[in-house]
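Report on the following structure.
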Amino acid sequence: MISFQKRAGTSKGRAWTRQFISIIVALLTCAAVIALLGYNPLEVYRQIFAGSLGSLYSFKEMILTMIPLSLLSLGVIFCLRIQFVNIGAEGQFYAGALAASYLALRHPDMSAAGLLPLMFAASIAGGGLWCAIPALLKLKLDVNETLVTLMMNYIIIKIIAWLQFGPWKDPTIKGYPVMPAFSDSAILPSVLGIHSGWVIALALFAAAVIVLGRTRFGYQLAVMGSSPQTARYAGFKTGLLLMAATAIGGGFCGVAGFIQASAIENSLTYQMSNGWGFTAIAVAWLAGLRPAQALLVSALFAILLQGCAYIQISLGIPFFMSNIIQGIILFFVLGSDVFTNYRLVIRRTKDTQNALSERGGK
Amino acid sequence: MDELAYVELKGIVKTFGALRANDGVDFRVNRGEIHALLGENGSGKTTLMNILTGLYRQDAGDVFVDGRRVFFRTPKDAIDSGIGMIHQHANLVDALSVEENIAAGTERTFWIDKKKLRVRISEIAESYRMLARPAAKIYSLSVGEKQAVEILKAFYRGVTTLVLDEPTSVLTPSEADALFLNLRRMRECGHAIVLITHKLNEVFDISDRVTVLRKGNSIFTSPIGATNRTELTEKMVGRAISLNIPRTAAPPARETSRPPLLDICEIVAGDGRGRFLDRVSLQVESGEIHGIAGVAGSGQRELCDAIAGLTLVTSGSVRLNGRDIRGMGPGRQRAYGVKIGYVPEDRMEMGLAGDMSISGNVMLRDFLTGLTGSNGPGKIFFNADEADALADRIIKKYDISAPGPAEPVKNLSGGNIQKVLLGREIERRPDLLITAYPVRGLDIGASTYIFELLNREKENGVGILFIGEDLDILLGLCDRVSVMRSHKLVATLDARTAAKTEIGALMAGHSGAPAL
């Protein structure tokens with residue numbers, strides 16, 4: 001018979017070993033799948049790394065994926081930390097992008113020094129608002145946030161699609177539904193060869209680490225996440241904390257949208273998130289809801305995404321391979337969590353077998 | 001012991017992490033026998049019975065029914081072997097009727113033949129001379145009636161060995177009597193009954209044999225006639241101890257010009273669904289331990305929450321040192337210098353943040369105003385060094401066994417968790433200390449330590465409100481005891497002169513006693 005026994009205590013070392021082993025096992029399982037599809041697993045893995053880290057160009061491309069992904073995961077972390085299940089990072093990304101784009105399209109003649117900070121602030125407000133609405137519904141009417149944050153995604157995406165096909169369509173481009181391109185002053189300048197979004201992301205990560213780990217606000221969030229009743233017992237203003245944390249979380253997602261619209265698309269489209277808002281949830285979980293680890297995990301996921309885009313071209317393997325690998329890694333890493341606290345015990349007793357068969361034959 | 005045991009457990013071992021809850025336990029029960037399983041909290045009684053009824057799987061050891069070795073993977077396997085368990089709290093669906101609850105999960109057909117079902121239920125009820133109202137909805141039943149439904153359900157499923165886990169802890173004395181009458185009839189029908197308890201009088205009232213567990217070992221089995229209270233107590237705790245809890249002197253009488261420390265007058269609390277507190281009045285003096293007795297769920301928790309500002313009080317007044325604190329939440333109480341310490345009933349649910357460190361937990365109440373007063377409000381950052389220092393101090397002063405202030409509270413043992421919470425609340429130098437079931441789940445050593453702490457605070461002039469369940473403790477420790485029944489406070493007695501029977505009667509609602 002197989003059963004789980006609780007371990008005596010937990011240790012950090014064991015947690016790391018477990019994570020490492022589970023990633024190895026996941027990669028081996030992926031290798032089996034790749035082999036089944038008729039490719040050489042080693043070659044595929046080599047190409048994935050070559051495609052994401054092999055040249056300066058591919059490294060840059062990887063960073064461009066990592067920037068929005070890491071910011072989105074940071075936004076998700078702020079919400080999940082207080083047990084607010086936010087699966088609306090995707091929508092908050094677009095809400096932030098929409099708010100920033102409104103300013104960019106409305107004031108193309110402003111100077112970059114004036115316009116970019118405004119767009120940045122607007123994206124925080126837009127993303128924050130999009131996340132605060134479900135939070136308010138949860139607070140006042142006890143509506144399940146998982147459903148509402150999910151549905152808010154579709155609303156904002158459809159709003160942007162409507163704007164793109166209707167009121168905000170670029171009249172100078174006949175027949176093709178796109179919004180006008182941003183003016184130069186609405187486009188983030190580049191720093192060290194990559195658009196300055198990475199500077200913004202790093203600054204926000206540093207701020208998040210300090211806010212969560214050192215401030216009274218972060219402390220209250222930690223208590224609330226661990227035990228909402230205890231937060232009430234201590235007299236925390238739990239409603240206010242919920243609204244603040246979700247608005248900040250949504251704000252981070254909004255900034256990701258602003259960066260993507262400004263630096264990459266140079267415009268706004270309803271198809272620019274690549275599903276990162278959902279991938280970010282996986283990143284947040286794998287990182288154990290810790291910002292520093294989230295940076296690391298989003299780098300890994302960016303390598304994977306970029307590498308799989310590359311093997312699509314170099315080896316002709318469908319891009320969906322990256323989804324399979326992501327799924328398998330998630331399955332093993334999160335699934336192995338049980339081994340941190342439990343130990344698998346396999347006992348074989350003849351009598352047990354007999355008893356079972358006796359009972360079965362009755 | 002020559003007869004063939006009906007149900008036998010041999011060498012049962014079950015570990016939870018470092019804890020060996022069962023360490024080679026042997027236990028046997030015969031047909032037509034009521035067998036008491038006695039032991040302190042944490043001695044492994046419930047673990048053992050959870051193994052017998054298929055809720056847990058043992059790490060080692062065997063279970064035999066009628067001499068045949070069996071292996072239970074689920075409670076259903078156990079029920080198929082005729083073993084069922086009645087838990088302290090009924091697992092019934094409130095919105096369904098008695099018969100629907102009994103049929104739920106047992107009938108394998110899609111349609112339930114209600115007529116046949118009802119006949120079956122009445123037959124079973126009749127054979128044990130139990131009362132049955134098959135059509136009654138569960139929510140309309142009392143706790144005792146719900147328990148009876150659980151028992152009926154077990155028999156409907158063909159159970160012949162019934163395990164009851166502290167069945168009287170949620171019952172009034174009269175309901176407990178009715179239960180015992182039923183148990184005797186079941187014994188006459190040849191059923192085996194295991195009664196988990198830590199109440200000695202129940203053991204002598206009803207059981208035929210008794211087994212004592214201590215620290216996960218079965219250390220003593222005897223026919224009830226061949227033993228006595230002293231011996232059983234000794235076996236339970238491992239040494240002969242007097243159940244006398246040291247009670248320090250009563251506080252000196254208050255000058256009449258001064259208001260009582262806590263003065264609650266006719267408070268009502270509740271929402272649309274019902275009243276949680278029904279015109280409760282209570283006074284607690286400085287330097288007094290004031291006990292609250294009552295069947296679980298009589299409004300004790302709501303009373304504590306009302307004083308701590310966690311429940312909305314809709315009418316009446318709550319005064320501390322003469323000052324009206326009604327409607328003040330914990331945040332405002334702190335801001336206005338109202339010093340109330342509160343050790344809630346379920347420590348991990350409310351009071352502590354289990355995932356967080358000891359430091360993170362001890363700073364909980366005062367991180368805004370500063371732990372030492374040096375760190376005024378309005379600052380953005382909290383003072384981690386101060387929190388660590390306070391945690392270190394509490395760990396040393398209250399003799400908490402923990403690797404250090406950074407250890408997450410959930411990794412500590414029950415007694416140490418309670419010490420973190422009590423230590424934090426006492427170190428805030430409260431005027432009033434509310435403790436709800438502070439020794440629940442703690443062993444005798446830890447309990448004694450908690451009582452000493454409370455007595456020390458009493459001598460320092462702190463007024464203590466002590467919500468308890470064990471009448472011996474309430475009468476031994478407290479200066480006065482108030483009794484709550486169905487959300488009312490029905491009487492206040494002098495604990496030095498009150499008799500257990502008197503309090504029992506008040507809890508059950510038999511007779512009134514003059515208020516003190």
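Scheme for the structure tokens: letters A, B, ... for chains in order shown; per-chain residue numbers from 1; ligand numbers from 1 in order shown.
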
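Distance criterion 6 Å to chain A, applied with only C-alpha atoms, yields B:Phe16, B:Gly17, B:Ala18, B:Val70, B:Pro330, B:Gly331, B:Met350, B:Gly351, B:Leu352, B:Ala353, B:Asp355, B:Arg365, B:Ile380, B:Phe381, B:Phe382 on chain B.
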
Based on the selection just made, write N, CA, C and O atoms of those residues as a PDB file, in the first residue's frame.
```
ATOM      1  N   PHE B  16       2.432  11.807  13.061  1.00  0.00           N
ATOM      2  CA  PHE B  16       2.211  13.030  12.302  1.00  0.00           C
ATOM      3  C   PHE B  16       3.501  13.825  12.425  1.00  0.00           C
ATOM      4  O   PHE B  16       3.736  14.462  13.448  1.00  0.00           O
ATOM      5  N   GLY B  17       4.334  13.768  11.419  1.00  0.00           N
ATOM      6  CA  GLY B  17       5.616  14.443  11.539  1.00  0.00           C
ATOM      7  C   GLY B  17       6.378  13.873  12.710  1.00  0.00           C
ATOM      8  O   GLY B  17       6.553  12.665  12.831  1.00  0.00           O
ATOM      9  N   ALA B  18       6.827  14.749  13.601  1.00  0.00           N
ATOM     10  CA  ALA B  18       7.636  14.298  14.731  1.00  0.00           C
ATOM     11  C   ALA B  18       6.768  13.687  15.836  1.00  0.00           C
ATOM     12  O   ALA B  18       7.267  13.050  16.750  1.00  0.00           O
ATOM     13  N   VAL B  70      -8.755  -6.920   8.954  1.00  0.00           N
ATOM     14  CA  VAL B  70      -9.389  -6.071   7.943  1.00  0.00           C
ATOM     15  C   VAL B  70      -8.478  -4.884   7.664  1.00  0.00           C
ATOM     16  O   VAL B  70      -7.592  -4.563   8.457  1.00  0.00           O
ATOM     17  N   PRO B 330     -11.253  47.251  17.435  1.00  0.00           N
ATOM     18  CA  PRO B 330      -9.925  47.094  18.031  1.00  0.00           C
ATOM     19  C   PRO B 330      -8.984  48.255  17.680  1.00  0.00           C
ATOM     20  O   PRO B 330      -8.172  48.658  18.502  1.00  0.00           O
ATOM     21  N   GLY B 331      -9.114  48.781  16.470  1.00  0.00           N
ATOM     22  CA  GLY B 331      -8.258  49.892  16.066  1.00  0.00           C
ATOM     23  C   GLY B 331      -8.502  51.121  16.923  1.00  0.00           C
ATOM     24  O   GLY B 331      -7.572  51.775  17.398  1.00  0.00           O
ATOM     25  N   MET B 350      -8.046  33.032  14.474  1.00  0.00           N
ATOM     26  CA  MET B 350      -8.062  34.441  14.830  1.00  0.00           C
ATOM     27  C   MET B 350      -7.093  34.672  15.972  1.00  0.00           C
ATOM     28  O   MET B 350      -7.103  33.947  16.953  1.00  0.00           O
ATOM     29  N   GLY B 351      -6.262  35.680  15.850  1.00  0.00           N
ATOM     30  CA  GLY B 351      -5.320  36.002  16.915  1.00  0.00           C
ATOM     31  C   GLY B 351      -3.888  35.880  16.454  1.00  0.00           C
ATOM     32  O   GLY B 351      -3.041  36.679  16.821  1.00  0.00           O
ATOM     33  N   LEU B 352      -3.614  34.870  15.638  1.00  0.00           N
ATOM     34  CA  LEU B 352      -2.260  34.672  15.141  1.00  0.00           C
ATOM     35  C   LEU B 352      -2.286  34.514  13.629  1.00  0.00           C
ATOM     36  O   LEU B 352      -3.294  34.118  13.061  1.00  0.00           O
ATOM     37  N   ALA B 353      -1.164  34.849  13.008  1.00  0.00           N
ATOM     38  CA  ALA B 353      -0.984  34.586  11.581  1.00  0.00           C
ATOM     39  C   ALA B 353       0.018  33.451  11.485  1.00  0.00           C
ATOM     40  O   ALA B 353       1.214  33.662  11.664  1.00  0.00           O
ATOM     41  N   ASP B 355       1.410  31.583   9.212  1.00  0.00           N
ATOM     42  CA  ASP B 355       2.515  31.541   8.255  1.00  0.00           C
ATOM     43  C   ASP B 355       3.644  32.480   8.657  1.00  0.00           C
ATOM     44  O   ASP B 355       4.749  32.384   8.147  1.00  0.00           O
ATOM     45  N   ARG B 365      -0.295  43.727  17.355  1.00  0.00           N
ATOM     46  CA  ARG B 365      -1.239  44.674  17.943  1.00  0.00           C
ATOM     47  C   ARG B 365      -0.722  46.104  17.959  1.00  0.00           C
ATOM     48  O   ARG B 365      -1.500  47.037  17.957  1.00  0.00           O
ATOM     49  N   ILE B 380       6.356  55.033   7.653  1.00  0.00           N
ATOM     50  CA  ILE B 380       6.039  54.070   6.614  1.00  0.00           C
ATOM     51  C   ILE B 380       6.531  52.682   6.968  1.00  0.00           C
ATOM     52  O   ILE B 380       5.859  51.685   6.766  1.00  0.00           O
ATOM     53  N   PHE B 381       7.727  52.626   7.541  1.00  0.00           N
ATOM     54  CA  PHE B 381       8.334  51.321   7.786  1.00  0.00           C
ATOM     55  C   PHE B 381       8.061  50.832   9.198  1.00  0.00           C
ATOM     56  O   PHE B 381       7.865  51.632  10.113  1.00  0.00           O
ATOM     57  N   PHE B 382       8.032  49.519   9.356  1.00  0.00           N
ATOM     58  CA  PHE B 382       7.929  49.000  10.718  1.00  0.00           C
ATOM     59  C   PHE B 382       9.336  48.712  11.234  1.00  0.00           C
ATOM     60  O   PHE B 382      10.290  48.612  10.476  1.00  0.00           O
TER      61      PHE B 382
END
```

I need the residues in region 217-304 of chain B that are strand (DSSP E or B) according to DSSP; give them as number ranges by chain.
B: 217-223, 262-271, 274-284, 289-293

Might you pull out every residue within 9 Å of Ile34 (chain B), with only C-alpha atoms counted and same-chain residues fewer than 6 positions away left off, and present them as a ChimeraX atom specification?
/B:183-184,187,191-195,206-210

For those residues, write C-alpha atoms to a file as a PDB file, in the first residue's frame.
```pdb
ATOM      1  CA  LEU B 183     -26.382   3.600  24.901  1.00  0.00           C
ATOM      2  CA  ARG B 184     -27.538   1.099  27.543  1.00  0.00           C
ATOM      3  CA  ARG B 187     -25.614  -2.615  24.809  1.00  0.00           C
ATOM      4  CA  HIS B 191     -23.680  -3.873  20.134  1.00  0.00           C
ATOM      5  CA  ALA B 192     -20.166  -2.842  21.007  1.00  0.00           C
ATOM      6  CA  ILE B 193     -19.824   0.754  22.085  1.00  0.00           C
ATOM      7  CA  VAL B 194     -16.630   2.752  22.465  1.00  0.00           C
ATOM      8  CA  LEU B 195     -16.993   5.944  24.436  1.00  0.00           C
ATOM      9  CA  ILE B 206     -22.051   3.829  32.167  1.00  0.00           C
ATOM     10  CA  SER B 207     -19.057   1.806  31.066  1.00  0.00           C
ATOM     11  CA  ASP B 208     -18.264  -1.867  31.641  1.00  0.00           C
ATOM     12  CA  ARG B 209     -14.572  -1.653  31.007  1.00  0.00           C
ATOM     13  CA  VAL B 210     -12.109   1.148  30.659  1.00  0.00           C
TER      14      VAL B 210
END
```

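Residues in contact with Ser298 (chain B) at up to 9 Å, not including ones fewer than 5 positions away on its chain and judged by only C-alpha atoms, are Phe276, Leu277, Met484, Arg485, Ser486, His487 and Lys488 of chain B.
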
Please return as a PyMOL selection string: the residues of region 206-318 of chain A that backbone DSSP assigns to helix (DSSP H, G or I).
chain A and resi 206-214+216-226+228-233+238-265+276-286+291-314

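CA of Arg18 (chain A) sits 28.7 Å away from CA of Tyr39 (chain A).
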
Please, what distance in Å, to one decimal, runs between CA of Gly291 (chain B) and CA of Ile503 (chain B)?
11.7 Å

Name the residues in contact with Arg133 (chain B) at a cut-off of 12 Å, using only C-alpha atoms, excluding same-chain residues fewer than 2 positions from it; report them as a list of chain:residue names.
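The filter keeps B:Ser97, B:Val98, B:Glu99, B:Glu100, B:Ile102, B:Arg118, B:Val119, B:Ile121, B:Ser122, B:Ala125, B:Glu126, B:Met130, B:Leu131, B:Ala135, B:Ala136, B:Lys137, B:Ile138, B:Ser140, B:Leu141, B:Glu145, B:Lys146, B:Ala148, B:Val149, B:Leu152.
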
Can you tell me, as a list in words, what residues are no more than 9 Å from Tyr6 (chain B) when counting only C-alpha atoms, ignoring any on the same chain fewer than 5 positions away?
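Non-adjacent residues within range: Arg28, Val29, Asn30, Arg31, Phe64, Val65, Asp66, Gly67, Thr161 and Ala192 of chain B.
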
Any chance you could export the current selection's N, CA and C atoms as an mmCIF file, in the first residue's frame?
```cif
data_model
loop_
_atom_site.group_PDB
_atom_site.id
_atom_site.type_symbol
_atom_site.label_atom_id
_atom_site.label_comp_id
_atom_site.auth_asym_id
_atom_site.auth_seq_id
_atom_site.Cartn_x
_atom_site.Cartn_y
_atom_site.Cartn_z
ATOM 1 N N ARG B 28 -9.164 -3.603 22.707
ATOM 2 C CA ARG B 28 -10.172 -4.549 22.259
ATOM 3 C C ARG B 28 -11.515 -4.264 22.905
ATOM 4 N N VAL B 29 -12.551 -4.465 22.148
ATOM 5 C CA VAL B 29 -13.900 -4.234 22.672
ATOM 6 C C VAL B 29 -14.774 -5.422 22.283
ATOM 7 N N ASN B 30 -15.642 -5.851 23.223
ATOM 8 C CA ASN B 30 -16.480 -7.023 23.003
ATOM 9 C C ASN B 30 -17.904 -6.628 22.656
ATOM 10 N N ARG B 31 -18.664 -7.626 22.208
ATOM 11 C CA ARG B 31 -20.095 -7.386 21.966
ATOM 12 C C ARG B 31 -20.790 -7.136 23.306
ATOM 13 N N PHE B 64 -8.601 -6.050 13.653
ATOM 14 C CA PHE B 64 -9.351 -7.286 13.463
ATOM 15 C C PHE B 64 -10.808 -7.065 13.822
ATOM 16 N N VAL B 65 -11.701 -7.586 12.996
ATOM 17 C CA VAL B 65 -13.120 -7.583 13.342
ATOM 18 C C VAL B 65 -13.569 -9.033 13.343
ATOM 19 N N ASP B 66 -14.098 -9.485 14.463
ATOM 20 C CA ASP B 66 -14.539 -10.876 14.579
ATOM 21 C C ASP B 66 -13.394 -11.838 14.272
ATOM 22 N N GLY B 67 -12.185 -11.458 14.652
ATOM 23 C CA GLY B 67 -11.047 -12.344 14.456
ATOM 24 C C GLY B 67 -10.448 -12.299 13.068
ATOM 25 N N THR B 161 -20.694 -1.690 15.759
ATOM 26 C CA THR B 161 -19.731 -1.136 16.705
ATOM 27 C C THR B 161 -19.776 0.378 16.566
ATOM 28 N N ALA B 192 -21.370 -3.285 20.306
ATOM 29 C CA ALA B 192 -20.166 -2.842 21.007
ATOM 30 C C ALA B 192 -20.108 -1.320 20.917
#
```

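Distances to Ala26 (chain A) were evaluated for A:Gln326, A:Val338, A:Leu296, A:Lys138 using only C-alpha atoms, and the minimum falls at A:Gln326.
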
Between B:Val362, B:Phe367, B:Ile224, B:Gly445, single out the one closest to Leu422 (chain B), counting only C-alpha atoms.
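Among B:Val362, B:Phe367, B:Ile224, B:Gly445, it is B:Val362 that comes nearest to Leu422 (chain B).
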
Using only C-alpha atoms, pick whichever of A:Pro108, A:Gly88, A:Gly316, A:Gly114 has the shortest atom-to-atom distance to Ser73 (chain A).
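The closest residue to Ser73 (chain A) is A:Gly88.
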
With only C-alpha atoms as the counted atoms, please give the residues lying no more than 12 Å from Asn201 (chain B), apart from itself and same-chain residues fewer than 3 positions off, as an NGL selection string.
:B and (36 or 38 or 168 or 197-198 or 204-207 or 224 or 228-230 or 232-233)

Could you please take those selected residues and save N, CA, C and O atoms as an mmCIF file, in the first residue's frame?
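result.cif, freshly written:
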```
data_model
loop_
_atom_site.group_PDB
_atom_site.id
_atom_site.type_symbol
_atom_site.label_atom_id
_atom_site.label_comp_id
_atom_site.auth_asym_id
_atom_site.auth_seq_id
_atom_site.Cartn_x
_atom_site.Cartn_y
_atom_site.Cartn_z
ATOM 1 N N ALA B 36 -15.068 2.388 27.814
ATOM 2 C CA ALA B 36 -14.630 3.782 27.859
ATOM 3 C C ALA B 36 -13.166 3.870 27.470
ATOM 4 O O ALA B 36 -12.348 3.074 27.934
ATOM 5 N N LEU B 38 -10.216 6.342 27.770
ATOM 6 C CA LEU B 38 -9.972 7.508 28.609
ATOM 7 C C LEU B 38 -8.560 8.025 28.338
ATOM 8 O O LEU B 38 -7.643 7.249 28.090
ATOM 9 N N THR B 168 -20.785 13.882 25.086
ATOM 10 C CA THR B 168 -21.530 14.742 26.015
ATOM 11 C C THR B 168 -20.995 16.160 26.060
ATOM 12 O O THR B 168 -21.596 17.019 26.694
ATOM 13 N N THR B 197 -13.742 9.704 26.059
ATOM 14 C CA THR B 197 -14.115 10.737 27.013
ATOM 15 C C THR B 197 -12.907 11.126 27.839
ATOM 16 O O THR B 197 -11.882 10.453 27.828
ATOM 17 N N HIS B 198 -12.994 12.252 28.516
ATOM 18 C CA HIS B 198 -12.005 12.503 29.550
ATOM 19 C C HIS B 198 -12.707 12.848 30.857
ATOM 20 O O HIS B 198 -12.154 13.433 31.746
ATOM 21 N N PHE B 204 -17.613 5.966 35.117
ATOM 22 C CA PHE B 204 -18.183 5.140 36.179
ATOM 23 C C PHE B 204 -19.687 4.984 36.036
ATOM 24 O O PHE B 204 -20.263 4.002 36.474
ATOM 25 N N ASP B 205 -20.345 5.984 35.428
ATOM 26 C CA ASP B 205 -21.800 5.913 35.232
ATOM 27 C C ASP B 205 -22.196 4.763 34.321
ATOM 28 O O ASP B 205 -23.168 4.075 34.562
ATOM 29 N N ILE B 206 -21.456 4.598 33.249
ATOM 30 C CA ILE B 206 -22.051 3.829 32.167
ATOM 31 C C ILE B 206 -21.194 2.683 31.646
ATOM 32 O O ILE B 206 -21.713 1.707 31.125
ATOM 33 N N SER B 207 -19.859 2.767 31.802
ATOM 34 C CA SER B 207 -19.057 1.806 31.066
ATOM 35 C C SER B 207 -18.876 0.495 31.820
ATOM 36 O O SER B 207 -19.042 0.418 33.036
ATOM 37 N N ILE B 224 -14.673 -2.036 35.117
ATOM 38 C CA ILE B 224 -14.914 -0.801 35.846
ATOM 39 C C ILE B 224 -15.009 -1.037 37.353
ATOM 40 O O ILE B 224 -14.637 -0.188 38.149
ATOM 41 N N ASN B 228 -10.802 2.555 40.466
ATOM 42 C CA ASN B 228 -11.452 3.709 41.088
ATOM 43 C C ASN B 228 -10.905 4.999 40.496
ATOM 44 O O ASN B 228 -9.960 4.996 39.721
ATOM 45 N N ARG B 229 -11.507 6.098 40.878
ATOM 46 C CA ARG B 229 -11.161 7.398 40.301
ATOM 47 C C ARG B 229 -9.686 7.752 40.456
ATOM 48 O O ARG B 229 -9.038 8.185 39.507
ATOM 49 N N THR B 230 -9.189 7.534 41.660
ATOM 50 C CA THR B 230 -7.799 7.922 41.913
ATOM 51 C C THR B 230 -6.865 7.160 40.991
ATOM 52 O O THR B 230 -5.962 7.728 40.384
ATOM 53 N N LEU B 232 -7.530 5.782 38.093
ATOM 54 C CA LEU B 232 -7.658 6.203 36.692
ATOM 55 C C LEU B 232 -6.977 7.545 36.466
ATOM 56 O O LEU B 232 -6.314 7.741 35.448
ATOM 57 N N THR B 233 -7.153 8.459 37.402
ATOM 58 C CA THR B 233 -6.511 9.763 37.259
ATOM 59 C C THR B 233 -4.999 9.600 37.201
ATOM 60 O O THR B 233 -4.322 10.176 36.344
#
```

For CA of Gln92 (chain A) and CA of Ala113 (chain A), the interatomic separation in Å (one decimal):
24.9 Å
